[in-house]
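What follows is the content of upload-v3.pdb, which has PDB, C-alpha atoms, pLDDT in the B column:
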ATOM      1  CA  MET W   1      13.043 -54.434 -58.464  1.00 97.00           C
ATOM      2  CA  LEU W   2      16.760 -53.685 -58.635  1.00 98.00           C
ATOM      3  CA  ALA W   3      18.762 -56.376 -60.421  1.00 98.00           C
ATOM      4  CA  GLN W   4      22.518 -56.235 -59.882  1.00 98.00           C
ATOM      5  CA  PHE W   5      24.650 -58.145 -62.399  1.00 98.00           C
ATOM      6  CA  VAL W   6      28.022 -59.114 -60.975  1.00 98.00           C
ATOM      7  CA  LEU W   7      31.208 -58.686 -62.998  1.00 98.00           C
ATOM      8  CA  PHE W   8      34.557 -60.267 -62.111  1.00 98.00           C
ATOM      9  CA  ASP W   9      37.795 -60.621 -64.059  1.00 98.00           C
ATOM     10  CA  GLY W  10      37.257 -63.283 -66.720  1.00 98.00           C
ATOM     11  CA  PHE W  11      33.447 -63.292 -66.674  1.00 98.00           C
ATOM     12  CA  ASP W  12      31.483 -64.599 -69.663  1.00 98.00           C
ATOM     13  CA  PRO W  13      29.906 -61.596 -71.458  1.00 98.00           C
ATOM     14  CA  LEU W  14      26.912 -63.568 -72.750  1.00 97.00           C
ATOM     15  CA  ASP W  15      26.110 -64.776 -69.215  1.00 98.00           C
ATOM     16  CA  VAL W  16      25.692 -61.107 -68.296  1.00 98.00           C
ATOM     17  CA  VAL W  17      24.392 -59.355 -71.397  1.00 98.00           C
ATOM     18  CA  ALA W  18      21.654 -61.869 -72.290  1.00 97.00           C
ATOM     19  CA  PRO W  19      19.770 -61.782 -68.955  1.00 98.00           C
ATOM     20  CA  TYR W  20      20.617 -58.080 -68.528  1.00 98.00           C
ATOM     21  CA  GLU W  21      18.795 -57.229 -71.751  1.00 98.00           C
ATOM     22  CA  VAL W  22      15.803 -59.372 -70.784  1.00 98.00           C
ATOM     23  CA  LEU W  23      15.402 -57.579 -67.457  1.00 98.00           C
ATOM     24  CA  HIS W  24      16.185 -54.180 -68.966  1.00 98.00           C
ATOM     25  CA  CYS W  25      13.438 -54.778 -71.523  1.00 98.00           C
ATOM     26  CA  ALA W  26      11.053 -55.801 -68.748  1.00 98.00           C
ATOM     27  CA  GLY W  27      11.822 -52.489 -67.076  1.00 98.00           C
ATOM     28  CA  GLN W  28      11.022 -50.589 -70.254  1.00 98.00           C
ATOM     29  CA  LEU W  29       7.707 -52.415 -70.597  1.00 98.00           C
ATOM     30  CA  THR W  30       6.687 -51.692 -66.998  1.00 98.00           C
ATOM     31  CA  ALA W  31       7.604 -48.015 -66.675  1.00 97.00           C
ATOM     32  CA  GLY W  32      10.650 -48.842 -64.568  1.00 96.00           C
ATOM     33  CA  ALA W  33       9.383 -51.665 -62.349  1.00 97.00           C
ATOM     34  CA  VAL W  34      12.701 -53.388 -63.071  1.00 98.00           C
ATOM     35  CA  ARG W  35      16.049 -51.584 -62.869  1.00 98.00           C
ATOM     36  CA  THR W  36      19.366 -53.093 -63.962  1.00 98.00           C
ATOM     37  CA  GLU W  37      22.881 -52.327 -62.758  1.00 98.00           C
ATOM     38  CA  LEU W  38      26.347 -53.701 -63.498  1.00 98.00           C
ATOM     39  CA  VAL W  39      28.382 -54.140 -60.312  1.00 98.00           C
ATOM     40  CA  SER W  40      31.547 -55.730 -58.981  1.00 98.00           C
ATOM     41  CA  ALA W  41      32.647 -56.810 -55.516  1.00 98.00           C
ATOM     42  CA  GLU W  42      35.234 -54.009 -55.565  1.00 98.00           C
ATOM     43  CA  GLY W  43      32.920 -51.226 -56.722  1.00 98.00           C
ATOM     44  CA  PRO W  44      33.012 -49.094 -59.884  1.00 98.00           C
ATOM     45  CA  ARG W  45      35.721 -50.222 -62.298  1.00 98.00           C
ATOM     46  CA  GLU W  46      36.381 -51.499 -65.804  1.00 98.00           C
ATOM     47  CA  VAL W  47      36.126 -55.291 -65.654  1.00 98.00           C
ATOM     48  CA  PRO W  48      37.820 -57.427 -68.336  1.00 98.00           C
ATOM     49  CA  SER W  49      35.845 -60.436 -69.523  1.00 98.00           C
ATOM     50  CA  GLY W  50      37.316 -63.761 -70.541  1.00 96.00           C
ATOM     51  CA  LEU W  51      37.112 -62.696 -74.203  1.00 96.00           C
ATOM     52  CA  ALA W  52      40.102 -60.695 -75.379  1.00 93.00           C
ATOM     53  CA  GLY W  53      39.264 -57.041 -75.881  1.00 95.00           C
ATOM     54  CA  VAL W  54      35.806 -57.241 -74.301  1.00 97.00           C
ATOM     55  CA  SER W  55      35.109 -55.516 -71.013  1.00 98.00           C
ATOM     56  CA  LEU W  56      32.165 -53.973 -69.190  1.00 98.00           C
ATOM     57  CA  ARG W  57      32.122 -51.186 -66.638  1.00 98.00           C
ATOM     58  CA  ALA W  58      30.748 -51.806 -63.170  1.00 98.00           C
ATOM     59  CA  VAL W  59      28.981 -48.655 -62.022  1.00 98.00           C
ATOM     60  CA  ALA W  60      28.543 -49.617 -58.366  1.00 98.00           C
ATOM     61  CA  ALA W  61      29.488 -52.164 -55.723  1.00 98.00           C
ATOM     62  CA  LEU W  62      27.577 -55.380 -55.232  1.00 98.00           C
ATOM     63  CA  ASP W  63      25.260 -54.578 -52.334  1.00 98.00           C
ATOM     64  CA  PRO W  64      22.903 -57.315 -51.074  1.00 97.00           C
ATOM     65  CA  GLU W  65      21.067 -54.744 -48.960  1.00 96.00           C
ATOM     66  CA  ARG W  66      20.161 -52.694 -52.050  1.00 97.00           C
ATOM     67  CA  ALA W  67      19.618 -55.468 -54.558  1.00 98.00           C
ATOM     68  CA  ASP W  68      16.373 -57.382 -54.919  1.00 98.00           C
ATOM     69  CA  LEU W  69      18.082 -59.700 -57.411  1.00 98.00           C
ATOM     70  CA  VAL W  70      21.769 -60.611 -57.728  1.00 98.00           C
ATOM     71  CA  VAL W  71      22.816 -62.335 -60.967  1.00 98.00           C
ATOM     72  CA  LEU W  72      26.135 -64.177 -60.951  1.00 98.00           C
ATOM     73  CA  PRO W  73      27.661 -65.233 -64.304  1.00 98.00           C
ATOM     74  CA  GLY W  74      30.224 -67.871 -65.175  1.00 97.00           C
ATOM     75  CA  ALA W  75      33.569 -67.423 -66.899  1.00 97.00           C
ATOM     76  CA  VAL W  76      35.217 -67.786 -70.311  1.00 96.00           C
ATOM     77  CA  GLY W  77      38.636 -69.400 -70.456  1.00 95.00           C
ATOM     78  CA  ASP W  78      40.910 -72.011 -71.989  1.00 92.00           C
ATOM     79  CA  LEU W  79      38.975 -75.264 -72.454  1.00 90.00           C
ATOM     80  CA  ARG W  80      42.001 -77.527 -72.774  1.00 88.00           C
ATOM     81  CA  ASP W  81      43.015 -80.064 -70.122  1.00 84.00           C
ATOM     82  CA  PRO W  82      45.103 -78.172 -67.521  1.00 84.00           C
ATOM     83  CA  ALA W  83      47.498 -81.142 -67.382  1.00 83.00           C
ATOM     84  CA  GLU W  84      48.509 -80.342 -70.954  1.00 89.00           C
ATOM     85  CA  LEU W  85      49.092 -76.643 -70.336  1.00 91.00           C
ATOM     86  CA  SER W  86      51.953 -74.558 -69.082  1.00 92.00           C
ATOM     87  CA  GLU W  87      51.583 -72.897 -65.692  1.00 89.00           C
ATOM     88  CA  ALA W  88      50.727 -69.582 -67.343  1.00 90.00           C
ATOM     89  CA  GLU W  89      48.184 -71.196 -69.673  1.00 91.00           C
ATOM     90  CA  ALA W  90      46.559 -73.094 -66.791  1.00 91.00           C
ATOM     91  CA  GLU W  91      45.868 -69.774 -65.071  1.00 93.00           C
ATOM     92  CA  ARG W  92      43.622 -68.888 -68.005  1.00 93.00           C
ATOM     93  CA  THR W  93      41.312 -71.908 -67.656  1.00 94.00           C
ATOM     94  CA  ILE W  94      37.736 -71.467 -66.488  1.00 94.00           C
ATOM     95  CA  ALA W  95      38.470 -73.377 -63.277  1.00 93.00           C
ATOM     96  CA  ALA W  96      41.361 -71.040 -62.433  1.00 94.00           C
ATOM     97  CA  ILE W  97      39.316 -67.921 -63.199  1.00 96.00           C
ATOM     98  CA  LEU W  98      36.435 -69.057 -60.990  1.00 96.00           C
ATOM     99  CA  ARG W  99      38.846 -70.116 -58.246  1.00 94.00           C
ATOM    100  CA  ARG W 100      40.347 -66.618 -58.144  1.00 96.00           C
ATOM    101  CA  THR W 101      36.960 -65.133 -57.260  1.00 97.00           C
ATOM    102  CA  LEU W 102      37.318 -66.883 -53.895  1.00 96.00           C
ATOM    103  CA  ASP W 103      40.139 -64.466 -53.059  1.00 96.00           C
ATOM    104  CA  THR W 104      37.801 -61.489 -53.469  1.00 97.00           C
ATOM    105  CA  ALA W 105      34.838 -60.251 -51.451  1.00 98.00           C
ATOM    106  CA  LEU W 106      32.450 -61.922 -53.906  1.00 98.00           C
ATOM    107  CA  PRO W 107      31.784 -65.143 -51.934  1.00 97.00           C
ATOM    108  CA  ARG W 108      31.114 -63.177 -48.744  1.00 97.00           C
ATOM    109  CA  LEU W 109      28.732 -60.819 -50.525  1.00 98.00           C
ATOM    110  CA  ALA W 110      26.994 -63.689 -52.314  1.00 98.00           C
ATOM    111  CA  GLY W 111      26.580 -65.443 -48.977  1.00 98.00           C
ATOM    112  CA  ALA W 112      25.075 -62.277 -47.523  1.00 98.00           C
ATOM    113  CA  ALA W 113      22.634 -62.096 -50.432  1.00 98.00           C
ATOM    114  CA  LEU W 114      21.578 -65.707 -49.905  1.00 98.00           C
ATOM    115  CA  ALA W 115      21.086 -65.028 -46.204  1.00 97.00           C
ATOM    116  CA  ARG W 116      18.672 -62.166 -46.839  1.00 96.00           C
ATOM    117  CA  PRO W 117      15.049 -63.335 -47.083  1.00 93.00           C
ATOM    118  CA  ASP W 118      14.125 -60.516 -49.495  1.00 93.00           C
ATOM    119  CA  THR W 119      17.035 -61.001 -51.904  1.00 97.00           C
ATOM    120  CA  LEU W 120      16.921 -63.418 -54.826  1.00 98.00           C
ATOM    121  CA  VAL W 121      20.172 -64.895 -56.167  1.00 98.00           C
ATOM    122  CA  ALA W 122      20.400 -66.225 -59.719  1.00 98.00           C
ATOM    123  CA  THR W 123      23.332 -67.804 -61.526  1.00 98.00           C
ATOM    124  CA  VAL W 124      24.085 -68.492 -65.162  1.00 98.00           C
ATOM    125  CA  CYS W 125      26.330 -71.334 -66.300  1.00 96.00           C
ATOM    126  CA  GLY W 126      29.434 -71.518 -64.069  1.00 96.00           C
ATOM    127  CA  GLY W 127      28.180 -68.861 -61.679  1.00 98.00           C
ATOM    128  CA  SER W 128      26.742 -71.622 -59.509  1.00 98.00           C
ATOM    129  CA  LEU W 129      30.227 -73.164 -59.219  1.00 97.00           C
ATOM    130  CA  ILE W 130      31.433 -70.066 -57.366  1.00 97.00           C
ATOM    131  CA  LEU W 131      28.696 -70.642 -54.802  1.00 98.00           C
ATOM    132  CA  ALA W 132      29.425 -74.378 -54.643  1.00 97.00           C
ATOM    133  CA  VAL W 133      33.180 -74.046 -54.140  1.00 96.00           C
ATOM    134  CA  ALA W 134      32.502 -71.407 -51.473  1.00 96.00           C
ATOM    135  CA  GLY W 135      30.244 -73.908 -49.669  1.00 96.00           C
ATOM    136  CA  LEU W 136      27.123 -71.766 -50.054  1.00 97.00           C
ATOM    137  CA  VAL W 137      24.766 -74.257 -51.740  1.00 97.00           C
ATOM    138  CA  ARG W 138      25.282 -77.493 -49.810  1.00 97.00           C
ATOM    139  CA  GLY W 139      22.220 -79.732 -50.114  1.00 97.00           C
ATOM    140  CA  ARG W 140      20.440 -77.367 -52.488  1.00 97.00           C
ATOM    141  CA  PRO W 141      19.166 -78.268 -55.984  1.00 98.00           C
ATOM    142  CA  VAL W 142      21.339 -76.422 -58.488  1.00 97.00           C
ATOM    143  CA  ASN W 143      22.361 -76.605 -62.140  1.00 97.00           C
ATOM    144  CA  THR W 144      25.409 -75.454 -64.085  1.00 97.00           C
ATOM    145  CA  HIS W 145      27.177 -75.991 -67.405  1.00 95.00           C
ATOM    146  CA  PRO W 146      27.586 -79.740 -68.131  1.00 93.00           C
ATOM    147  CA  MET W 147      31.371 -79.369 -67.879  1.00 92.00           C
ATOM    148  CA  GLY W 148      31.080 -78.230 -64.260  1.00 94.00           C
ATOM    149  CA  ARG W 149      28.702 -80.798 -62.813  1.00 94.00           C
ATOM    150  CA  GLU W 150      31.379 -82.769 -60.967  1.00 94.00           C
ATOM    151  CA  VAL W 151      32.567 -79.600 -59.241  1.00 93.00           C
ATOM    152  CA  LEU W 152      28.985 -78.767 -58.308  1.00 94.00           C
ATOM    153  CA  VAL W 153      28.439 -82.166 -56.699  1.00 94.00           C
ATOM    154  CA  ALA W 154      31.838 -82.034 -54.968  1.00 95.00           C
ATOM    155  CA  GLY W 155      30.689 -78.778 -53.383  1.00 94.00           C
ATOM    156  CA  GLY W 156      27.771 -80.584 -51.786  1.00 96.00           C
ATOM    157  CA  ALA W 157      25.028 -79.343 -54.104  1.00 97.00           C
ATOM    158  CA  GLU W 158      22.300 -81.551 -55.548  1.00 96.00           C
ATOM    159  CA  HIS W 159      22.656 -81.418 -59.316  1.00 96.00           C
ATOM    160  CA  VAL W 160      19.358 -81.166 -61.229  1.00 96.00           C
ATOM    161  CA  ASP W 161      19.451 -81.624 -64.988  1.00 94.00           C
ATOM    162  CA  ALA W 162      17.059 -78.908 -66.156  1.00 96.00           C
ATOM    163  CA  ARG W 163      17.377 -75.728 -68.170  1.00 97.00           C
ATOM    164  CA  VAL W 164      16.432 -73.643 -65.128  1.00 98.00           C
ATOM    165  CA  VAL W 165      16.312 -74.805 -61.502  1.00 98.00           C
ATOM    166  CA  ASP W 166      14.090 -72.739 -59.208  1.00 98.00           C
ATOM    167  CA  ASP W 167      14.754 -73.264 -55.500  1.00 98.00           C
ATOM    168  CA  GLY W 168      12.949 -70.230 -54.172  1.00 97.00           C
ATOM    169  CA  ASP W 169      15.552 -67.618 -53.332  1.00 97.00           C
ATOM    170  CA  LEU W 170      18.124 -69.366 -55.567  1.00 98.00           C
ATOM    171  CA  VAL W 171      17.510 -69.819 -59.304  1.00 98.00           C
ATOM    172  CA  THR W 172      20.225 -71.379 -61.446  1.00 98.00           C
ATOM    173  CA  GLY W 173      20.642 -71.855 -65.191  1.00 97.00           C
ATOM    174  CA  GLY W 174      22.601 -74.421 -67.158  1.00 94.00           C
ATOM    175  CA  GLY W 175      24.776 -73.557 -70.140  1.00 87.00           C
ATOM    176  CA  VAL W 176      25.605 -70.084 -71.411  1.00 89.00           C
ATOM    177  CA  THR W 177      22.466 -69.327 -73.454  1.00 94.00           C
ATOM    178  CA  SER W 178      20.245 -70.468 -70.577  1.00 96.00           C
ATOM    179  CA  GLY W 179      20.636 -66.927 -69.237  1.00 97.00           C
ATOM    180  CA  LEU W 180      17.868 -65.845 -71.608  1.00 98.00           C
ATOM    181  CA  ASP W 181      15.462 -68.493 -70.323  1.00 98.00           C
ATOM    182  CA  LEU W 182      16.450 -67.974 -66.705  1.00 98.00           C
ATOM    183  CA  ALA W 183      15.793 -64.240 -66.953  1.00 98.00           C
ATOM    184  CA  LEU W 184      12.449 -64.729 -68.695  1.00 98.00           C
ATOM    185  CA  HIS W 185      11.446 -67.151 -65.936  1.00 98.00           C
ATOM    186  CA  LEU W 186      12.383 -64.531 -63.344  1.00 98.00           C
ATOM    187  CA  VAL W 187      10.338 -61.884 -65.161  1.00 98.00           C
ATOM    188  CA  GLU W 188       7.349 -64.211 -65.312  1.00 98.00           C
ATOM    189  CA  ARG W 189       7.730 -65.169 -61.640  1.00 97.00           C
ATOM    190  CA  GLU W 190       8.403 -61.725 -60.210  1.00 97.00           C
ATOM    191  CA  ILE W 191       6.587 -59.373 -62.629  1.00 97.00           C
ATOM    192  CA  GLY W 192       4.058 -61.541 -64.427  1.00 98.00           C
ATOM    193  CA  PRO W 193       3.497 -63.766 -67.489  1.00 98.00           C
ATOM    194  CA  ARG W 194       2.146 -60.999 -69.713  1.00 98.00           C
ATOM    195  CA  VAL W 195       5.297 -58.938 -69.336  1.00 98.00           C
ATOM    196  CA  ALA W 196       7.461 -62.046 -69.889  1.00 98.00           C
ATOM    197  CA  ALA W 197       5.543 -62.838 -73.091  1.00 98.00           C
ATOM    198  CA  ALA W 198       5.967 -59.250 -74.274  1.00 98.00           C
ATOM    199  CA  VAL W 199       9.725 -59.409 -73.653  1.00 98.00           C
ATOM    200  CA  GLU W 200       9.865 -62.618 -75.704  1.00 98.00           C
ATOM    201  CA  ARG W 201       8.186 -60.813 -78.598  1.00 98.00           C
ATOM    202  CA  VAL W 202      10.544 -57.831 -78.398  1.00 98.00           C
ATOM    203  CA  LEU W 203      13.658 -60.033 -78.281  1.00 97.00           C
ATOM    204  CA  VAL W 204      12.260 -62.576 -80.756  1.00 97.00           C
ATOM    205  CA  HIS W 205      13.154 -65.441 -78.447  1.00 96.00           C
ATOM    206  CA  GLU W 206      11.000 -68.414 -77.509  1.00 94.00           C
ATOM    207  CA  ARG W 207      11.862 -70.021 -74.209  1.00 94.00           C
ATOM    208  CA  ARG W 208      13.188 -73.561 -74.311  1.00 93.00           C
ATOM    209  CA  GLY W 209      13.910 -76.333 -71.843  1.00 94.00           C
ATOM    210  CA  THR W 210      12.390 -77.259 -68.500  1.00 95.00           C
ATOM    211  CA  VAL W 211      12.030 -75.129 -65.390  1.00 97.00           C
ATOM    212  CA  TRP W 212      12.393 -77.458 -62.380  1.00 96.00           C
ATOM    213  CA  SER W 213      11.160 -76.721 -58.878  1.00 96.00           C
ATOM    214  CA  ALA W 214      10.515 -78.878 -55.833  1.00 91.00           C
ATOM    215  CA  THR W 215       6.751 -78.546 -56.047  1.00 92.00           C
ATOM    216  CA  GLY W 216       3.923 -80.931 -56.806  1.00 91.00           C
ATOM    217  CA  THR W 217       3.945 -84.702 -56.544  1.00 92.00           C
ATOM    218  CA  ALA W 218       7.405 -86.269 -56.374  1.00 87.00           C
ATOM    219  CA  PRO W 219       8.033 -89.142 -58.820  1.00 88.00           C
ATOM    220  CA  VAL W 220       8.170 -92.612 -57.266  1.00 90.00           C
ATOM    221  CA  LEU W 221      10.961 -93.807 -59.556  1.00 82.00           C
ATOM    222  CA  SER W 222      14.226 -92.081 -60.360  1.00 73.00           C
ATOM    223  CA  VAL W 223      14.526 -91.301 -64.067  1.00 69.00           C
TER     224      VAL W 223
END

Take the structure in the file and write it out as structure tokens.
Amino acid sequence: MLAQFVLFDGFDPLDVVAPYEVLHCAGQLTAGAVRTELVSAEGPREVPSGLAGVSLRAVAALDPERADLVVLPGAVGDLRDPAELSEAEAERTIAAILRRTLDTALPRLAGAALARPDTLVATVCGGSLILAVAGLVRGRPVNTHPMGREVLVAGGAEHVDARVVDDGDLVTGGGVTSGLDLALHLVEREIGPRVAAAVERVLVHERRGTVWSATGTAPVLSV
């Protein structure tokens, strides 16, 4: 399984590095059954994160035809109310950073990945907002960081309040650290529970929160 982790200007490093290490570890424990790769929509380049002085290098282009799994992170930016910021400061907010991805090839490539029956798309934190604003997840159960839920709903998605939301070929995580739990769920689902448990032991991390999926008996009452 080839997992491509997407980088874009202003990405959140933890959204990338946490699930990357989980899947990299799974690859080590399975003699290479999982391979990991940092990519960007533009191809190989140094990609600055939203944290000053922190960047990662994309070694290839995002390619839905090569990737079995595409992982899309969120962003790091100014958390203040844009109404209180100067024009230059407002361009450094998370909303502005995510909005700029719409001017790249990323939405088109993400849409192509979602359209492929053999490609799995996963998002961490605000990564799902890129899909929502691009109109790619209308009517689908999705989660994101609590600060982005209104944007998610405005994009036509069905917000589900769970740590990880599994909708088949689309798996989304909530806040930043949910990338660990999302990736462990993917390892368990795609590789197996014994490998996932072994990765937990290596990384000294116990999964937390609920994994939601539209399976089983539906509740009669909304709670």

(request) Step by step, work through what the PyMOL selection byres ((chain W and resi 191-202) around 12) selects in the shown file, and finish by giving those residues as an MDAnalysis selection string. (result) chainID W and resid 1 19 21:34 180:190 203:208

(request) Report the distance between atom CA of W:Leu114 and atom CA of W:Ser49 in Å, rounded to one decimal place. (result)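 So the two atoms, atom CA of W:Leu114 and atom CA of W:Ser49, lie 24.8 Å apart.
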
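Counting all atoms listed in the file, the residue from W:Val39, W:Gly50, W:His159, W:Ala58 that sits nearest to W:Glu91 is W:Gly50.
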
(request) Carefully work through the PyMOL selection byres ((chain W and resi 171) around 8) for this structure and note down the residues it includes, as a PyMOL selection string. (result) chain W and resi 120-123+142+164-170+172-173+182

May I have the residues from that selection written out with C-alpha atoms, as an mmCIF file, in the frame of the given file?
data_model
loop_
_atom_site.group_PDB
_atom_site.id
_atom_site.type_symbol
_atom_site.label_atom_id
_atom_site.label_comp_id
_atom_site.auth_asym_id
_atom_site.auth_seq_id
_atom_site.Cartn_x
_atom_site.Cartn_y
_atom_site.Cartn_z
ATOM 1 C CA LEU W 120 16.921 -63.418 -54.826
ATOM 2 C CA VAL W 121 20.172 -64.895 -56.167
ATOM 3 C CA ALA W 122 20.400 -66.225 -59.719
ATOM 4 C CA THR W 123 23.332 -67.804 -61.526
ATOM 5 C CA VAL W 142 21.339 -76.422 -58.488
ATOM 6 C CA VAL W 164 16.432 -73.643 -65.128
ATOM 7 C CA VAL W 165 16.312 -74.805 -61.502
ATOM 8 C CA ASP W 166 14.090 -72.739 -59.208
ATOM 9 C CA ASP W 167 14.754 -73.264 -55.500
ATOM 10 C CA GLY W 168 12.949 -70.230 -54.172
ATOM 11 C CA ASP W 169 15.552 -67.618 -53.332
ATOM 12 C CA LEU W 170 18.124 -69.366 -55.567
ATOM 13 C CA THR W 172 20.225 -71.379 -61.446
ATOM 14 C CA GLY W 173 20.642 -71.855 -65.191
ATOM 15 C CA LEU W 182 16.450 -67.974 -66.705
#

(request) Convert the output of the PyMOL selection byres ((chain W and resi 108-113) around 9) on the shown file into explicit residues, formatted as a list in words. (result)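 Going through the file, the PyMOL selection byres ((chain W and resi 108-113) around 9) ends up selecting Ala41, Leu62, Asp63, Pro64, Glu65, Ala67, Leu69, Val70, Leu72, Leu102, Thr104, Ala105, Leu106, Pro107, Leu114, Ala115, Arg116, Pro117, Asp118, Thr119, Leu120, Val121, Leu131, Ala134 and Leu136 of chain W.
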
(message) I need the residue nearest W:Arg80 from this list: W:Ala95, W:Glu150, W:Ala60, W:Asp68. Use all atoms listed in the file for the distance.
(response)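 Using all atoms listed in the file, the shortest distance to W:Arg80 belongs to W:Ala95.
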
(request) Might you pull out every residue within 7 Å of W:Leu56, with only C-alpha atoms counted and same-chain residues fewer than 3 positions away left off, and present them as number ranges by chain? (result) W: 46-48

(request) Give the answer as one residue: which of W:Gly175, W:Gly126, W:Pro44, W:Pro219 has the shortest atom-to-atom distance to W:Arg99, using all atoms listed in the file? (result) W:Gly126

(request) Just give me the gap between atom CA of W:Arg149 and atom CA of W:Leu129 in Å, one decimal is fine. (result)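 Separating atom CA of W:Arg149 from atom CA of W:Leu129 is a distance of 8.6 Å.
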